[in-house]
>>> print(open('input.tsv').read())   # TSV, C-alpha atoms
chain	number	residue	atom	x	y	z
W	1	MET	CA	-110.70	-24.36	-58.90
W	2	SER	CA	-110.50	-20.58	-58.88
W	3	ALA	CA	-107.40	-18.68	-57.79
W	4	TYR	CA	-109.40	-17.33	-54.85
W	5	MET	CA	-110.35	-20.78	-53.60
W	6	LEU	CA	-106.78	-22.01	-53.96
W	7	TRP	CA	-105.53	-18.98	-52.05
W	8	LEU	CA	-108.26	-19.35	-49.40
W	9	ASN	CA	-107.40	-23.00	-48.80
W	10	ALA	CA	-103.75	-22.05	-48.35
W	11	SER	CA	-104.53	-19.00	-46.16
W	12	ARG	CA	-107.34	-20.20	-43.91
W	13	GLU	CA	-105.13	-21.49	-41.07
W	14	ARG	CA	-103.08	-18.29	-41.05
W	15	ILE	CA	-106.25	-16.19	-40.85
W	16	LYS	CA	-107.49	-18.34	-37.96
W	17	SER	CA	-104.20	-18.10	-36.08
W	18	GLU	CA	-104.06	-14.32	-36.53
W	19	ASN	CA	-107.67	-13.99	-35.32
W	20	PRO	CA	-108.24	-16.40	-32.41
W	21	GLY	CA	-111.88	-17.37	-31.91
W	22	ILE	CA	-112.94	-16.10	-35.33
W	23	SER	CA	-116.08	-17.73	-36.71
W	24	VAL	CA	-116.29	-19.47	-40.08
W	25	THR	CA	-118.40	-16.58	-41.39
W	26	GLU	CA	-115.87	-14.03	-40.21
W	27	ILE	CA	-113.02	-16.01	-41.77
W	28	SER	CA	-114.82	-15.76	-45.11
W	29	LYS	CA	-115.38	-12.02	-44.70
W	30	LYS	CA	-111.78	-11.42	-43.65
W	31	ALA	CA	-110.47	-13.54	-46.53
W	32	GLY	CA	-112.63	-11.61	-48.99
W	33	GLU	CA	-111.23	-8.32	-47.72
W	34	MET	CA	-107.68	-9.61	-47.97
W	35	TRP	CA	-108.24	-10.99	-51.48
W	36	LYS	CA	-109.62	-7.65	-52.70
W	37	GLN	CA	-106.41	-5.95	-51.57
W	38	LEU	CA	-104.19	-8.23	-53.65
W	39	SER	CA	-103.09	-6.90	-57.03
W	40	LYS	CA	-104.15	-8.62	-60.24
W	41	ASP	CA	-100.54	-9.68	-60.82
W	42	ARG	CA	-100.33	-11.24	-57.36
W	43	LYS	CA	-103.58	-13.14	-57.95
W	44	GLU	CA	-102.29	-14.43	-61.28
W	45	ASN	CA	-99.03	-15.53	-59.63
W	46	ILE	CA	-100.99	-17.39	-56.96
W	47	LEU	CA	-102.91	-19.28	-59.62
W	48	LEU	CA	-99.75	-20.12	-61.58
W	49	CYS	CA	-97.94	-21.36	-58.46
W	50	GLU	CA	-100.90	-23.48	-57.43
W	51	CYS	CA	-101.18	-24.97	-60.91
W	52	GLU	CA	-97.47	-25.80	-60.93
W	53	HIS	CA	-97.81	-27.40	-57.51
W	54	ALA	CA	-100.76	-29.50	-58.68
W	55	ILE	CA	-98.81	-30.65	-61.73
W	56	CYS	CA	-95.83	-31.65	-59.57
W	57	GLN	CA	-98.13	-33.58	-57.23
W	58	LYS	CA	-99.64	-35.49	-60.15
W	59	GLU	CA	-96.23	-36.23	-61.62
W	60	GLN	CA	-95.02	-37.60	-58.28
W	61	SER	CA	-98.04	-39.86	-57.99
W	62	PHE	CA	-97.36	-41.25	-61.47
W	63	CYS	CA	-93.76	-42.06	-60.52
W	64	SER	CA	-94.67	-43.84	-57.28
>>> encode(input="input.tsv", output="structure tokens")
Amino acid sequence: MSAYMLWLNASRERIKSENPGISVTEISKKAGEMWKQLSKDRKENILLCECEHAICQKEQSFCS
């Protein structure tokens, strides 16, 4: 999954709460605007954090 999609999944509820009544289409537009404003370094950090989280989740499921 792309860094954008990972970030969007994590940010969608915050966008909705900050913009009551916002439509699905408008959420996507707003998210795109927000994503464009993030620096390349920030985007790379988001991807690394999400990958680390996914690895931890998989490791926990193996130990259960």
>>> closest_residue(input="input.tsv", among="W:Leu8, W:Ser17, W:Leu47, W:Glu59", to="Glu33 (chain W)", atoms="only C-alpha atoms")
W:Leu8
>>> atom_distance(input="input.tsv", atom1="CA of Ala31 (chain W)", atom2="CA of Lys58 (chain W)")
28.0 Å
>>> atom_distance(input="input.tsv", atom1="CA of Met34 (chain W)", atom2="CA of Cys56 (chain W)")
27.6 Å
>>> atom_distance(input="input.tsv", atom1="CA of Cys49 (chain W)", atom2="CA of Ala3 (chain W)")
9.9 Å
>>> residues_around(input="input.tsv", residues="Lys30 (chain W)", least_positions_apart="6", cutoff="12 Å", atoms="all atoms listed in the file", output="PyMOL selection string")
chain W and resi 8+11-12+14-16+18-19+22-24+36-37
>>> closest_residue(input="input.tsv", among="W:Ala54, W:Glu26, W:Gln60, W:Ile46", to="Tyr4 (chain W)", atoms="only C-alpha atoms")
W:Ile46
>>> decode(input="input.tsv", residues="region 29-44 of chain W", atoms="N, CA and C atoms", output="PDB file, in the first residue's frame")
ATOM      1  N   LYS W  29     -10.586  15.269  -1.579  1.00  0.00           N
ATOM      2  CA  LYS W  29      -9.959  16.515  -2.036  1.00  0.00           C
ATOM      3  C   LYS W  29      -9.144  17.155  -0.925  1.00  0.00           C
ATOM      4  N   LYS W  30      -9.728  17.226   0.261  1.00  0.00           N
ATOM      5  CA  LYS W  30      -9.045  17.819   1.409  1.00  0.00           C
ATOM      6  C   LYS W  30      -7.783  17.026   1.753  1.00  0.00           C
ATOM      7  N   ALA W  31      -7.902  15.708   1.748  1.00  0.00           N
ATOM      8  CA  ALA W  31      -6.747  14.852   2.046  1.00  0.00           C
ATOM      9  C   ALA W  31      -5.643  15.069   1.019  1.00  0.00           C
ATOM     10  N   GLY W  32      -6.012  15.173  -0.242  1.00  0.00           N
ATOM     11  CA  GLY W  32      -5.015  15.418  -1.285  1.00  0.00           C
ATOM     12  C   GLY W  32      -4.277  16.725  -1.071  1.00  0.00           C
ATOM     13  N   GLU W  33      -5.017  17.763  -0.685  1.00  0.00           N
ATOM     14  CA  GLU W  33      -4.401  19.060  -0.408  1.00  0.00           C
ATOM     15  C   GLU W  33      -3.442  18.954   0.775  1.00  0.00           C
ATOM     16  N   MET W  34      -3.879  18.263   1.813  1.00  0.00           N
ATOM     17  CA  MET W  34      -3.042  18.112   3.004  1.00  0.00           C
ATOM     18  C   MET W  34      -1.782  17.317   2.677  1.00  0.00           C
ATOM     19  N   TRP W  35      -1.927  16.249   1.899  1.00  0.00           N
ATOM     20  CA  TRP W  35      -0.796  15.396   1.540  1.00  0.00           C
ATOM     21  C   TRP W  35       0.238  16.185   0.738  1.00  0.00           C
ATOM     22  N   LYS W  36      -0.223  17.018  -0.178  1.00  0.00           N
ATOM     23  CA  LYS W  36       0.695  17.822  -0.996  1.00  0.00           C
ATOM     24  C   LYS W  36       1.529  18.764  -0.144  1.00  0.00           C
ATOM     25  N   GLN W  37       1.003  19.190   0.991  1.00  0.00           N
ATOM     26  CA  GLN W  37       1.715  20.125   1.857  1.00  0.00           C
ATOM     27  C   GLN W  37       2.773  19.445   2.722  1.00  0.00           C
ATOM     28  N   LEU W  38       2.710  18.129   2.844  1.00  0.00           N
ATOM     29  CA  LEU W  38       3.703  17.418   3.648  1.00  0.00           C
ATOM     30  C   LEU W  38       5.030  17.346   2.908  1.00  0.00           C
ATOM     31  N   SER W  39       6.113  17.471   3.633  1.00  0.00           N
ATOM     32  CA  SER W  39       7.441  17.370   3.025  1.00  0.00           C
ATOM     33  C   SER W  39       7.731  15.918   2.631  1.00  0.00           C
ATOM     34  N   LYS W  40       8.703  15.755   1.745  1.00  0.00           N
ATOM     35  CA  LYS W  40       9.113  14.419   1.326  1.00  0.00           C
ATOM     36  C   LYS W  40       9.600  13.605   2.522  1.00  0.00           C
ATOM     37  N   ASP W  41      10.349  14.246   3.403  1.00  0.00           N
ATOM     38  CA  ASP W  41      10.848  13.558   4.599  1.00  0.00           C
ATOM     39  C   ASP W  41       9.693  13.074   5.471  1.00  0.00           C
ATOM     40  N   ARG W  42       8.690  13.916   5.651  1.00  0.00           N
ATOM     41  CA  ARG W  42       7.534  13.545   6.477  1.00  0.00           C
ATOM     42  C   ARG W  42       6.811  12.357   5.856  1.00  0.00           C
ATOM     43  N   LYS W  43       6.652  12.377   4.537  1.00  0.00           N
ATOM     44  CA  LYS W  43       5.982  11.274   3.841  1.00  0.00           C
ATOM     45  C   LYS W  43       6.765   9.977   4.008  1.00  0.00           C
ATOM     46  N   GLU W  44       8.080  10.063   3.899  1.00  0.00           N
ATOM     47  CA  GLU W  44       8.916   8.876   4.081  1.00  0.00           C
ATOM     48  C   GLU W  44       8.816   8.354   5.511  1.00  0.00           C
TER      49      GLU W  44
END
